[in-house]
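Dumped run.json below, it's JSON, N, CA, C and O atoms:
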```json
[["chain", "number", "residue", "atom", "x", "y", "z"],
["A", 1, "MET", "N", -2.31, 341.65, 17.00],
["A", 1, "MET", "CA", -1.89, 341.59, 18.39],
["A", 1, "MET", "C", -3.01, 342.13, 19.29],
["A", 1, "MET", "O", -3.67, 343.11, 18.93],
["A", 2, "LYS", "N", -3.15, 341.55, 20.44],
["A", 2, "LYS", "CA", -4.15, 341.98, 21.41],
["A", 2, "LYS", "C", -3.64, 343.20, 22.18],
["A", 2, "LYS", "O", -2.44, 343.43, 22.26],
["A", 3, "LEU", "N", -4.57, 343.97, 22.76],
["A", 3, "LEU", "CA", -4.23, 345.10, 23.63],
["A", 3, "LEU", "C", -4.53, 344.74, 25.07],
["A", 3, "LEU", "O", -5.58, 344.16, 25.36],
["A", 4, "PHE", "N", -3.62, 345.09, 25.98],
["A", 4, "PHE", "CA", -3.83, 344.84, 27.40],
["A", 4, "PHE", "C", -3.57, 346.13, 28.18],
["A", 4, "PHE", "O", -2.56, 346.80, 27.93],
["A", 5, "LEU", "N", -4.47, 346.43, 29.07],
["A", 5, "LEU", "CA", -4.30, 347.54, 30.00],
["A", 5, "LEU", "C", -3.71, 346.95, 31.27],
["A", 5, "LEU", "O", -4.30, 346.04, 31.87],
["A", 6, "VAL", "N", -2.54, 347.43, 31.66],
["A", 6, "VAL", "CA", -1.87, 346.94, 32.87],
["A", 6, "VAL", "C", -1.79, 348.10, 33.87],
["A", 6, "VAL", "O", -1.20, 349.13, 33.57],
["A", 7, "ASP", "N", -2.42, 347.93, 35.02],
["A", 7, "ASP", "CA", -2.36, 348.93, 36.08],
["A", 7, "ASP", "C", -1.33, 348.49, 37.11],
["A", 7, "ASP", "O", -1.31, 347.33, 37.52],
["A", 8, "ALA", "N", -0.49, 349.44, 37.51],
["A", 8, "ALA", "CA", 0.55, 349.15, 38.49],
["A", 8, "ALA", "C", 0.60, 350.27, 39.52],
["A", 8, "ALA", "O", 0.27, 351.41, 39.22],
["A", 9, "VAL", "N", 1.05, 349.93, 40.72],
["A", 9, "VAL", "CA", 1.20, 350.90, 41.79],
["A", 9, "VAL", "C", 2.66, 350.92, 42.20],
["A", 9, "VAL", "O", 3.24, 349.87, 42.52],
["A", 10, "SER", "N", 3.29, 352.10, 42.15],
["A", 10, "SER", "CA", 4.66, 352.26, 42.61],
["A", 10, "SER", "C", 4.65, 352.72, 44.06],
["A", 10, "SER", "O", 3.83, 353.55, 44.45],
["A", 11, "SER", "N", 5.55, 352.15, 44.85],
["A", 11, "SER", "CA", 5.62, 352.51, 46.28],
["A", 11, "SER", "C", 6.97, 353.12, 46.59],
["A", 11, "SER", "O", 8.01, 352.67, 46.10],
["A", 12, "TYR", "N", 6.93, 354.15, 47.43],
["A", 12, "TYR", "CA", 8.14, 354.82, 47.90],
["A", 12, "TYR", "C", 8.10, 354.92, 49.42],
["A", 12, "TYR", "O", 7.05, 355.09, 50.01],
["A", 13, "ARG", "N", 9.26, 354.80, 50.03],
["A", 13, "ARG", "CA", 9.41, 355.08, 51.45],
["A", 13, "ARG", "C", 10.07, 356.44, 51.53],
["A", 13, "ARG", "O", 11.16, 356.65, 51.02],
["A", 14, "THR", "N", 9.40, 357.41, 52.11],
["A", 14, "THR", "CA", 9.93, 358.75, 52.25],
["A", 14, "THR", "C", 10.16, 359.04, 53.73],
["A", 14, "THR", "O", 9.27, 358.79, 54.54],
["A", 15, "SER", "N", 11.33, 359.55, 54.06],
["A", 15, "SER", "CA", 11.66, 359.86, 55.45],
["A", 15, "SER", "C", 11.81, 361.36, 55.63],
["A", 15, "SER", "O", 12.25, 362.08, 54.72],
["A", 16, "TYR", "N", 11.44, 361.82, 56.83],
["A", 16, "TYR", "CA", 11.56, 363.23, 57.21],
["A", 16, "TYR", "C", 12.23, 363.27, 58.58],
["A", 16, "TYR", "O", 12.01, 362.39, 59.41],
["A", 17, "VAL", "N", 13.04, 364.28, 58.82],
["A", 17, "VAL", "CA", 13.59, 364.53, 60.14],
["A", 17, "VAL", "C", 13.03, 365.86, 60.61],
["A", 17, "VAL", "O", 13.23, 366.88, 59.97],
["A", 18, "ILE", "N", 12.30, 365.82, 61.72],
["A", 18, "ILE", "CA", 11.59, 367.00, 62.20],
["A", 18, "ILE", "C", 11.93, 367.23, 63.66],
["A", 18, "ILE", "O", 11.86, 366.32, 64.48],
["A", 19, "ARG", "N", 12.29, 368.45, 63.95],
["A", 19, "ARG", "CA", 12.60, 368.83, 65.33],
["A", 19, "ARG", "C", 11.34, 369.45, 65.95],
["A", 19, "ARG", "O", 10.83, 370.46, 65.47],
["A", 20, "CYS", "N", 10.80, 368.80, 67.00],
["A", 20, "CYS", "CA", 9.63, 369.32, 67.69],
["A", 20, "CYS", "C", 9.49, 368.63, 69.05],
["A", 20, "CYS", "O", 10.25, 367.71, 69.36],
["A", 21, "LYS", "N", 8.53, 369.04, 69.84],
["A", 21, "LYS", "CA", 8.38, 368.52, 71.21],
["A", 21, "LYS", "C", 7.69, 367.16, 71.26],
["A", 21, "LYS", "O", 7.97, 366.36, 72.14],
["A", 22, "GLU", "N", 6.75, 366.89, 70.37],
["A", 22, "GLU", "CA", 5.95, 365.67, 70.42],
["A", 22, "GLU", "C", 5.94, 364.98, 69.06],
["A", 22, "GLU", "O", 5.96, 365.64, 68.02],
["A", 23, "GLY", "N", 5.84, 363.65, 69.08],
["A", 23, "GLY", "CA", 5.74, 362.88, 67.84],
["A", 23, "GLY", "C", 4.51, 363.26, 67.04],
["A", 23, "GLY", "O", 4.54, 363.26, 65.81],
["A", 24, "GLU", "N", 3.42, 363.56, 67.74],
["A", 24, "GLU", "CA", 2.19, 363.96, 67.06],
["A", 24, "GLU", "C", 2.39, 365.24, 66.24],
["A", 24, "GLU", "O", 1.87, 365.37, 65.14],
["A", 25, "HIS", "N", 3.19, 366.15, 66.77],
["A", 25, "HIS", "CA", 3.48, 367.39, 66.04],
["A", 25, "HIS", "C", 4.31, 367.08, 64.79],
["A", 25, "HIS", "O", 4.13, 367.72, 63.75],
["A", 26, "ALA", "N", 5.19, 366.10, 64.90],
["A", 26, "ALA", "CA", 6.01, 365.71, 63.74],
["A", 26, "ALA", "C", 5.12, 365.13, 62.65],
["A", 26, "ALA", "O", 5.27, 365.49, 61.47],
["A", 27, "THR", "N", 4.19, 364.27, 63.02],
["A", 27, "THR", "CA", 3.31, 363.69, 62.00],
["A", 27, "THR", "C", 2.39, 364.75, 61.39],
["A", 27, "THR", "O", 2.14, 364.73, 60.19],
["A", 28, "ASP", "N", 1.93, 365.70, 62.22],
["A", 28, "ASP", "CA", 1.11, 366.79, 61.69],
["A", 28, "ASP", "C", 1.89, 367.61, 60.66],
["A", 28, "ASP", "O", 1.34, 368.03, 59.65],
["A", 29, "THR", "N", 3.16, 367.85, 60.93],
["A", 29, "THR", "CA", 4.01, 368.61, 60.02],
["A", 29, "THR", "C", 4.09, 367.92, 58.66],
["A", 29, "THR", "O", 4.00, 368.57, 57.62],
["A", 30, "VAL", "N", 4.23, 366.59, 58.67],
["A", 30, "VAL", "CA", 4.30, 365.84, 57.41],
["A", 30, "VAL", "C", 2.95, 365.86, 56.70],
["A", 30, "VAL", "O", 2.88, 366.14, 55.49],
["A", 31, "VAL", "N", 1.87, 365.61, 57.43],
["A", 31, "VAL", "CA", 0.53, 365.58, 56.83],
["A", 31, "VAL", "C", 0.17, 366.93, 56.21],
["A", 31, "VAL", "O", -0.48, 366.99, 55.17],
["A", 32, "MET", "N", 0.60, 368.00, 56.81],
["A", 32, "MET", "CA", 0.30, 369.35, 56.31],
["A", 32, "MET", "C", 1.26, 369.79, 55.20],
["A", 32, "MET", "O", 1.24, 370.94, 54.77],
["A", 33, "ASN", "N", 2.13, 368.88, 54.75],
["A", 33, "ASN", "CA", 3.10, 369.17, 53.69],
["A", 33, "ASN", "C", 4.03, 370.32, 54.06],
["A", 33, "ASN", "O", 4.40, 371.14, 53.21],
["A", 34, "GLU", "N", 4.41, 370.39, 55.33],
["A", 34, "GLU", "CA", 5.30, 371.45, 55.80],
["A", 34, "GLU", "C", 6.70, 370.94, 56.13],
["A", 34, "GLU", "O", 7.51, 371.67, 56.67],
["A", 35, "ALA", "N", 6.98, 369.68, 55.80],
["A", 35, "ALA", "CA", 8.27, 369.08, 56.12],
["A", 35, "ALA", "C", 9.09, 368.90, 54.85],
["A", 35, "ALA", "O", 8.55, 368.63, 53.78],
["A", 36, "GLU", "N", 10.40, 369.04, 54.99],
["A", 36, "GLU", "CA", 11.30, 368.78, 53.87],
["A", 36, "GLU", "C", 11.69, 367.31, 53.89],
["A", 36, "GLU", "O", 11.98, 366.74, 54.93],
["A", 37, "GLU", "N", 11.70, 366.72, 52.72],
["A", 37, "GLU", "CA", 12.07, 365.32, 52.59],
["A", 37, "GLU", "C", 13.53, 365.13, 53.00],
["A", 37, "GLU", "O", 14.40, 365.90, 52.62],
["A", 38, "PHE", "N", 13.78, 364.07, 53.78],
["A", 38, "PHE", "CA", 15.13, 363.74, 54.22],
["A", 38, "PHE", "C", 15.76, 362.71, 53.27],
["A", 38, "PHE", "O", 16.90, 362.84, 52.84],
["A", 39, "SER", "N", 14.99, 361.67, 52.94],
["A", 39, "SER", "CA", 15.46, 360.66, 52.00],
["A", 39, "SER", "C", 14.27, 359.92, 51.41],
["A", 39, "SER", "O", 13.15, 360.00, 51.92],
["A", 40, "GLN", "N", 14.56, 359.19, 50.33],
["A", 40, "GLN", "CA", 13.50, 358.45, 49.65],
["A", 40, "GLN", "C", 14.08, 357.18, 49.06],
["A", 40, "GLN", "O", 15.21, 357.17, 48.58],
["A", 41, "GLU", "N", 13.28, 356.12, 49.10],
["A", 41, "GLU", "CA", 13.70, 354.85, 48.50],
["A", 41, "GLU", "C", 12.51, 354.26, 47.75],
["A", 41, "GLU", "O", 11.41, 354.16, 48.29],
["A", 42, "TRP", "N", 12.74, 353.88, 46.49],
["A", 42, "TRP", "CA", 11.70, 353.24, 45.71],
["A", 42, "TRP", "C", 11.58, 351.79, 46.15],
["A", 42, "TRP", "O", 12.57, 351.06, 46.20],
["A", 43, "LEU", "N", 10.39, 351.35, 46.53],
["A", 43, "LEU", "CA", 10.19, 349.99, 47.04],
["A", 43, "LEU", "C", 9.71, 349.02, 45.98],
["A", 43, "LEU", "O", 9.61, 347.83, 46.24],
["A", 44, "GLY", "N", 9.43, 349.52, 44.81],
["A", 44, "GLY", "CA", 9.05, 348.63, 43.72],
["A", 44, "GLY", "C", 7.67, 348.93, 43.17],
["A", 44, "GLY", "O", 7.01, 349.88, 43.57],
["A", 45, "GLU", "N", 7.28, 348.08, 42.26],
["A", 45, "GLU", "CA", 6.01, 348.26, 41.57],
["A", 45, "GLU", "C", 5.21, 346.97, 41.69],
["A", 45, "GLU", "O", 5.75, 345.87, 41.55],
["A", 46, "GLN", "N", 3.93, 347.11, 41.97],
["A", 46, "GLN", "CA", 3.02, 345.97, 42.10],
["A", 46, "GLN", "C", 1.99, 346.06, 40.98],
["A", 46, "GLN", "O", 1.38, 347.11, 40.78],
["A", 47, "ILE", "N", 1.78, 344.97, 40.27],
["A", 47, "ILE", "CA", 0.74, 344.93, 39.24],
["A", 47, "ILE", "C", -0.58, 344.70, 39.96],
["A", 47, "ILE", "O", -0.74, 343.75, 40.73],
["A", 48, "SER", "N", -1.55, 345.59, 39.71],
["A", 48, "SER", "CA", -2.84, 345.45, 40.38],
["A", 48, "SER", "C", -3.93, 344.91, 39.47],
["A", 48, "SER", "O", -4.91, 344.36, 39.95],
["A", 49, "ARG", "N", -3.75, 345.06, 38.14],
["A", 49, "ARG", "CA", -4.79, 344.58, 37.24],
["A", 49, "ARG", "C", -4.24, 344.46, 35.82],
["A", 49, "ARG", "O", -3.46, 345.29, 35.38],
["A", 50, "VAL", "N", -4.66, 343.42, 35.12],
["A", 50, "VAL", "CA", -4.36, 343.25, 33.69],
["A", 50, "VAL", "C", -5.69, 342.93, 33.02],
["A", 50, "VAL", "O", -6.38, 341.99, 33.40],
["A", 51, "THR", "N", -6.04, 343.76, 32.03],
["A", 51, "THR", "CA", -7.33, 343.61, 31.36],
["A", 51, "THR", "C", -7.14, 343.70, 29.86],
["A", 51, "THR", "O", -6.50, 344.64, 29.37],
["A", 52, "GLU", "N", -7.69, 342.74, 29.15],
["A", 52, "GLU", "CA", -7.67, 342.83, 27.69],
["A", 52, "GLU", "C", -8.71, 343.87, 27.27],
["A", 52, "GLU", "O", -9.82, 343.89, 27.79],
["A", 53, "ILE", "N", -8.31, 344.77, 26.36],
["A", 53, "ILE", "CA", -9.21, 345.83, 25.91],
["A", 53, "ILE", "C", -9.25, 345.87, 24.38],
["A", 53, "ILE", "O", -8.34, 345.40, 23.70],
["A", 54, "THR", "N", -10.32, 346.48, 23.88],
["A", 54, "THR", "CA", -10.48, 346.67, 22.44],
["A", 54, "THR", "C", -9.86, 348.01, 22.03],
["A", 54, "THR", "O", -9.54, 348.84, 22.89],
["A", 55, "GLU", "N", -9.75, 348.22, 20.73],
["A", 55, "GLU", "CA", -9.26, 349.50, 20.23],
["A", 55, "GLU", "C", -10.18, 350.63, 20.67],
["A", 55, "GLU", "O", -9.72, 351.72, 21.03],
["A", 56, "GLU", "N", -11.48, 350.39, 20.65],
["A", 56, "GLU", "CA", -12.46, 351.41, 21.07],
["A", 56, "GLU", "C", -12.28, 351.74, 22.56],
["A", 56, "GLU", "O", -12.29, 352.91, 22.93],
["A", 57, "GLN", "N", -12.10, 350.73, 23.38],
["A", 57, "GLN", "CA", -11.86, 350.97, 24.82],
["A", 57, "GLN", "C", -10.56, 351.73, 25.03],
["A", 57, "GLN", "O", -10.49, 352.61, 25.88],
["A", 58, "TYR", "N", -9.54, 351.39, 24.24],
["A", 58, "TYR", "CA", -8.26, 352.09, 24.32],
["A", 58, "TYR", "C", -8.46, 353.59, 24.12],
["A", 58, "TYR", "O", -7.95, 354.41, 24.89],
["A", 59, "LEU", "N", -9.19, 353.95, 23.07],
["A", 59, "LEU", "CA", -9.42, 355.37, 22.78],
["A", 59, "LEU", "C", -10.23, 356.05, 23.88],
["A", 59, "LEU", "O", -9.95, 357.18, 24.26],
["A", 60, "GLU", "N", -11.25, 355.36, 24.41],
["A", 60, "GLU", "CA", -12.05, 355.91, 25.49],
["A", 60, "GLU", "C", -11.20, 356.15, 26.76],
["A", 60, "GLU", "O", -11.28, 357.19, 27.40],
["A", 61, "ILE", "N", -10.40, 355.16, 27.10],
["A", 61, "ILE", "CA", -9.54, 355.26, 28.29],
["A", 61, "ILE", "C", -8.50, 356.36, 28.09],
["A", 61, "ILE", "O", -8.23, 357.14, 29.01],
["A", 62, "PHE", "N", -7.93, 356.43, 26.89],
["A", 62, "PHE", "CA", -6.94, 357.47, 26.61],
["A", 62, "PHE", "C", -7.55, 358.85, 26.81],
["A", 62, "PHE", "O", -6.96, 359.71, 27.48],
["A", 63, "ASP", "N", -8.72, 359.08, 26.25],
["A", 63, "ASP", "CA", -9.37, 360.39, 26.38],
["A", 63, "ASP", "C", -9.72, 360.70, 27.83],
["A", 63, "ASP", "O", -9.56, 361.83, 28.29],
["A", 64, "ARG", "N", -10.18, 359.72, 28.57],
["A", 64, "ARG", "CA", -10.56, 359.91, 29.96],
["A", 64, "ARG", "C", -9.34, 360.20, 30.85],
["A", 64, "ARG", "O", -9.35, 361.08, 31.68],
["A", 65, "ASP", "N", -8.27, 359.42, 30.65],
["A", 65, "ASP", "CA", -7.11, 359.52, 31.53],
["A", 65, "ASP", "C", -6.12, 360.62, 31.15],
["A", 65, "ASP", "O", -5.25, 360.98, 31.94],
["A", 66, "ASN", "N", -6.23, 361.15, 29.95],
["A", 66, "ASN", "CA", -5.27, 362.14, 29.46],
["A", 66, "ASN", "C", -5.97, 363.39, 28.96],
["A", 66, "ASN", "O", -5.82, 363.80, 27.81],
["A", 67, "GLN", "N", -6.73, 364.00, 29.83],
["A", 67, "GLN", "CA", -7.52, 365.17, 29.44],
["A", 67, "GLN", "C", -6.64, 366.29, 29.02],
["A", 67, "GLN", "O", -6.16, 367.15, 29.46]]
```
Go through the file and emit its structure as structure tokens.
Amino acid sequence: MKLFLVDAVSSYRTSYVIRCKEGEHATDTVVMNEAEEFSQEWLGEQISRVTEITEEQYLEIFDRDNQ
């Protein structure tokens, strides 16, 4: 059997409710990781790459990605 490396990106929509005077302050609060999550929804997974790899590449990638 062949080996394939499949890269995927998962996307989430995360919402925050922030009480402040300006919208810019609300976005700053989120960017600075100072906001509590209000809700979250998983938007799905997108395949970004599929590559056939050898056993040797598998071991190299494993060691690199799983230090």
> Which polymer residues have any atom within 7 Å of an atom of region 37-42 of chain A, counting all atoms listed in the file, with same-chain residues fewer than 4 positions away left out, as a PyMOL selection string?
Replying inline: chain A and resi 11-17
> Just how far from CA of Val6 (chain A) is atom N of Ile53 (chain A), in Å to one decimal?
Replying inline: 9.4 Å
>> To one decimal place in Å, what is the distance between CA of Thr54 (chain A) and CA of Asn66 (chain A)?
In response: 17.8 Å
>> Considering only alpha helix (DSSP H) as DSSP defines it on the backbone, what residues of region 3-66 of chain A qualify? List them as a list in words.
In response: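 Restricting region 3-66 of chain A to alpha helix (DSSP H) produces Gly23, Glu24, His25, Ala26, Thr27, Asp28, Thr29, Val30, Val31, Glu55, Glu56, Gln57, Tyr58, Leu59, Glu60, Ile61, Phe62, Asp63, Arg64 and Asp65 of chain A.
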>> Please extract the residues of chain A with a backbone DSSP assignment of strand (DSSP E) and present them as a PyMOL selection string.
In response: chain A and resi 3-16+37-53
>> Between A:Val31, A:Leu3, A:Val9, A:Tyr58, which residue has the minimum interatomic distance to Gly44 (chain A), considering only C-alpha atoms?
In response: A:Val9
> If you measure from CA of Ala35 (chain A) to CA of Cys20 (chain A), what distance in Å do you get, rounded to one decimal?
Replying inline: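 So the answer is 11.7 Å.
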>> Could you list, as a VMD selection string, every residue within 7 Å of Ala8 (chain A), counting all atoms listed in the file and ignoring same-chain residues fewer than 5 positions away?
In response: chain A and resid 45 to 49
Output of the above residues as a tab-separated table (two decimals), in the coordinates of the input, restricted to N, CA, C and O atoms:
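Now in result16.tsv:
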```tsv
chain	number	residue	atom	x	y	z
A	45	GLU	N	7.28	348.08	42.26
A	45	GLU	CA	6.01	348.26	41.57
A	45	GLU	C	5.21	346.97	41.69
A	45	GLU	O	5.75	345.87	41.55
A	46	GLN	N	3.93	347.11	41.97
A	46	GLN	CA	3.02	345.97	42.10
A	46	GLN	C	1.99	346.06	40.98
A	46	GLN	O	1.38	347.11	40.78
A	47	ILE	N	1.78	344.97	40.27
A	47	ILE	CA	0.74	344.93	39.24
A	47	ILE	C	-0.58	344.70	39.96
A	47	ILE	O	-0.74	343.75	40.73
A	48	SER	N	-1.55	345.59	39.71
A	48	SER	CA	-2.84	345.45	40.38
A	48	SER	C	-3.93	344.91	39.47
A	48	SER	O	-4.91	344.36	39.95
A	49	ARG	N	-3.75	345.06	38.14
A	49	ARG	CA	-4.79	344.58	37.24
A	49	ARG	C	-4.24	344.46	35.82
A	49	ARG	O	-3.46	345.29	35.38
```
Any chance you could model all heavy atoms for region 17-28 of chain A and send them as a PDB file, in the coordinates of the input?
```
ATOM      1  N   VAL A  17      13.040 364.280  58.820  1.00  0.00           N
ATOM      2  CA  VAL A  17      13.590 364.530  60.140  1.00  0.00           C
ATOM      3  C   VAL A  17      13.030 365.860  60.610  1.00  0.00           C
ATOM      4  O   VAL A  17      13.230 366.880  59.970  1.00  0.00           O
ATOM      5  CB  VAL A  17      15.137 364.545  60.123  1.00  0.00           C
ATOM      6  CG1 VAL A  17      15.672 364.900  61.491  1.00  0.00           C
ATOM      7  CG2 VAL A  17      15.672 363.205  59.653  1.00  0.00           C
ATOM      8  N   ILE A  18      12.300 365.820  61.720  1.00  0.00           N
ATOM      9  CA  ILE A  18      11.590 367.000  62.200  1.00  0.00           C
ATOM     10  C   ILE A  18      11.930 367.230  63.660  1.00  0.00           C
ATOM     11  O   ILE A  18      11.860 366.320  64.480  1.00  0.00           O
ATOM     12  CB  ILE A  18      10.061 366.804  62.032  1.00  0.00           C
ATOM     13  CG1 ILE A  18       9.756 366.570  60.548  1.00  0.00           C
ATOM     14  CG2 ILE A  18       9.292 367.988  62.587  1.00  0.00           C
ATOM     15  CD1 ILE A  18       8.400 366.023  60.270  1.00  0.00           C
ATOM     16  N   ARG A  19      12.290 368.450  63.950  1.00  0.00           N
ATOM     17  CA  ARG A  19      12.600 368.830  65.330  1.00  0.00           C
ATOM     18  C   ARG A  19      11.340 369.450  65.950  1.00  0.00           C
ATOM     19  O   ARG A  19      10.830 370.460  65.470  1.00  0.00           O
ATOM     20  CB  ARG A  19      13.744 369.838  65.337  1.00  0.00           C
ATOM     21  CG  ARG A  19      14.353 370.085  66.690  1.00  0.00           C
ATOM     22  CD  ARG A  19      15.484 371.097  66.621  1.00  0.00           C
ATOM     23  NE  ARG A  19      16.487 370.779  65.615  1.00  0.00           N
ATOM     24  CZ  ARG A  19      17.611 370.086  65.849  1.00  0.00           C
ATOM     25  NH1 ARG A  19      17.865 369.632  67.041  1.00  0.00           N
ATOM     26  NH2 ARG A  19      18.469 369.876  64.872  1.00  0.00           N
ATOM     27  N   CYS A  20      10.800 368.800  67.000  1.00  0.00           N
ATOM     28  CA  CYS A  20       9.630 369.320  67.690  1.00  0.00           C
ATOM     29  C   CYS A  20       9.490 368.630  69.050  1.00  0.00           C
ATOM     30  O   CYS A  20      10.250 367.710  69.360  1.00  0.00           O
ATOM     31  CB  CYS A  20       8.359 369.165  66.863  1.00  0.00           C
ATOM     32  SG  CYS A  20       7.954 367.489  66.438  1.00  0.00           S
ATOM     33  N   LYS A  21       8.530 369.040  69.840  1.00  0.00           N
ATOM     34  CA  LYS A  21       8.380 368.520  71.210  1.00  0.00           C
ATOM     35  C   LYS A  21       7.690 367.160  71.260  1.00  0.00           C
ATOM     36  O   LYS A  21       7.970 366.360  72.140  1.00  0.00           O
ATOM     37  CB  LYS A  21       7.595 369.517  72.067  1.00  0.00           C
ATOM     38  CG  LYS A  21       8.351 370.781  72.351  1.00  0.00           C
ATOM     39  CD  LYS A  21       7.553 371.695  73.256  1.00  0.00           C
ATOM     40  CE  LYS A  21       8.353 372.966  73.537  1.00  0.00           C
ATOM     41  NZ  LYS A  21       7.631 373.844  74.459  1.00  0.00           N
ATOM     42  N   GLU A  22       6.750 366.890  70.370  1.00  0.00           N
ATOM     43  CA  GLU A  22       5.950 365.670  70.420  1.00  0.00           C
ATOM     44  C   GLU A  22       5.940 364.980  69.060  1.00  0.00           C
ATOM     45  O   GLU A  22       5.960 365.640  68.020  1.00  0.00           O
ATOM     46  CB  GLU A  22       4.505 366.017  70.789  1.00  0.00           C
ATOM     47  CG  GLU A  22       4.325 366.832  72.046  1.00  0.00           C
ATOM     48  CD  GLU A  22       4.160 365.957  73.270  1.00  0.00           C
ATOM     49  OE1 GLU A  22       3.796 364.782  73.104  1.00  0.00           O
ATOM     50  OE2 GLU A  22       4.429 366.457  74.374  1.00  0.00           O
ATOM     51  N   GLY A  23       5.840 363.650  69.080  1.00  0.00           N
ATOM     52  CA  GLY A  23       5.740 362.880  67.840  1.00  0.00           C
ATOM     53  C   GLY A  23       4.510 363.260  67.040  1.00  0.00           C
ATOM     54  O   GLY A  23       4.540 363.260  65.810  1.00  0.00           O
ATOM     55  N   GLU A  24       3.420 363.560  67.740  1.00  0.00           N
ATOM     56  CA  GLU A  24       2.190 363.960  67.060  1.00  0.00           C
ATOM     57  C   GLU A  24       2.390 365.240  66.240  1.00  0.00           C
ATOM     58  O   GLU A  24       1.870 365.370  65.140  1.00  0.00           O
ATOM     59  CB  GLU A  24       1.062 364.172  68.072  1.00  0.00           C
ATOM     60  CG  GLU A  24      -0.270 364.463  67.432  1.00  0.00           C
ATOM     61  CD  GLU A  24      -1.392 364.607  68.447  1.00  0.00           C
ATOM     62  OE1 GLU A  24      -1.238 364.152  69.595  1.00  0.00           O
ATOM     63  OE2 GLU A  24      -2.415 365.201  68.072  1.00  0.00           O
ATOM     64  N   HIS A  25       3.190 366.150  66.770  1.00  0.00           N
ATOM     65  CA  HIS A  25       3.480 367.390  66.040  1.00  0.00           C
ATOM     66  C   HIS A  25       4.310 367.080  64.790  1.00  0.00           C
ATOM     67  O   HIS A  25       4.130 367.720  63.750  1.00  0.00           O
ATOM     68  CB  HIS A  25       4.216 368.395  66.917  1.00  0.00           C
ATOM     69  CG  HIS A  25       3.410 368.848  68.099  1.00  0.00           C
ATOM     70  ND1 HIS A  25       3.982 369.150  69.302  1.00  0.00           N
ATOM     71  CD2 HIS A  25       2.079 369.045  68.267  1.00  0.00           C
ATOM     72  CE1 HIS A  25       3.045 369.502  70.158  1.00  0.00           C
ATOM     73  NE2 HIS A  25       1.877 369.443  69.544  1.00  0.00           N
ATOM     74  N   ALA A  26       5.190 366.100  64.900  1.00  0.00           N
ATOM     75  CA  ALA A  26       6.010 365.710  63.740  1.00  0.00           C
ATOM     76  C   ALA A  26       5.120 365.130  62.650  1.00  0.00           C
ATOM     77  O   ALA A  26       5.270 365.490  61.470  1.00  0.00           O
ATOM     78  CB  ALA A  26       7.069 364.706  64.164  1.00  0.00           C
ATOM     79  N   THR A  27       4.190 364.270  63.020  1.00  0.00           N
ATOM     80  CA  THR A  27       3.310 363.690  62.000  1.00  0.00           C
ATOM     81  C   THR A  27       2.390 364.750  61.390  1.00  0.00           C
ATOM     82  O   THR A  27       2.140 364.730  60.190  1.00  0.00           O
ATOM     83  CB  THR A  27       2.455 362.538  62.564  1.00  0.00           C
ATOM     84  OG1 THR A  27       1.665 362.999  63.656  1.00  0.00           O
ATOM     85  CG2 THR A  27       3.336 361.389  63.026  1.00  0.00           C
ATOM     86  N   ASP A  28       1.930 365.700  62.220  1.00  0.00           N
ATOM     87  CA  ASP A  28       1.110 366.790  61.690  1.00  0.00           C
ATOM     88  C   ASP A  28       1.890 367.610  60.660  1.00  0.00           C
ATOM     89  O   ASP A  28       1.340 368.030  59.650  1.00  0.00           O
ATOM     90  CB  ASP A  28       0.632 367.715  62.815  1.00  0.00           C
ATOM     91  CG  ASP A  28      -0.417 367.083  63.701  1.00  0.00           C
ATOM     92  OD1 ASP A  28      -0.986 366.038  63.312  1.00  0.00           O
ATOM     93  OD2 ASP A  28      -0.675 367.627  64.801  1.00  0.00           O
TER      94      ASP A  28
END
```
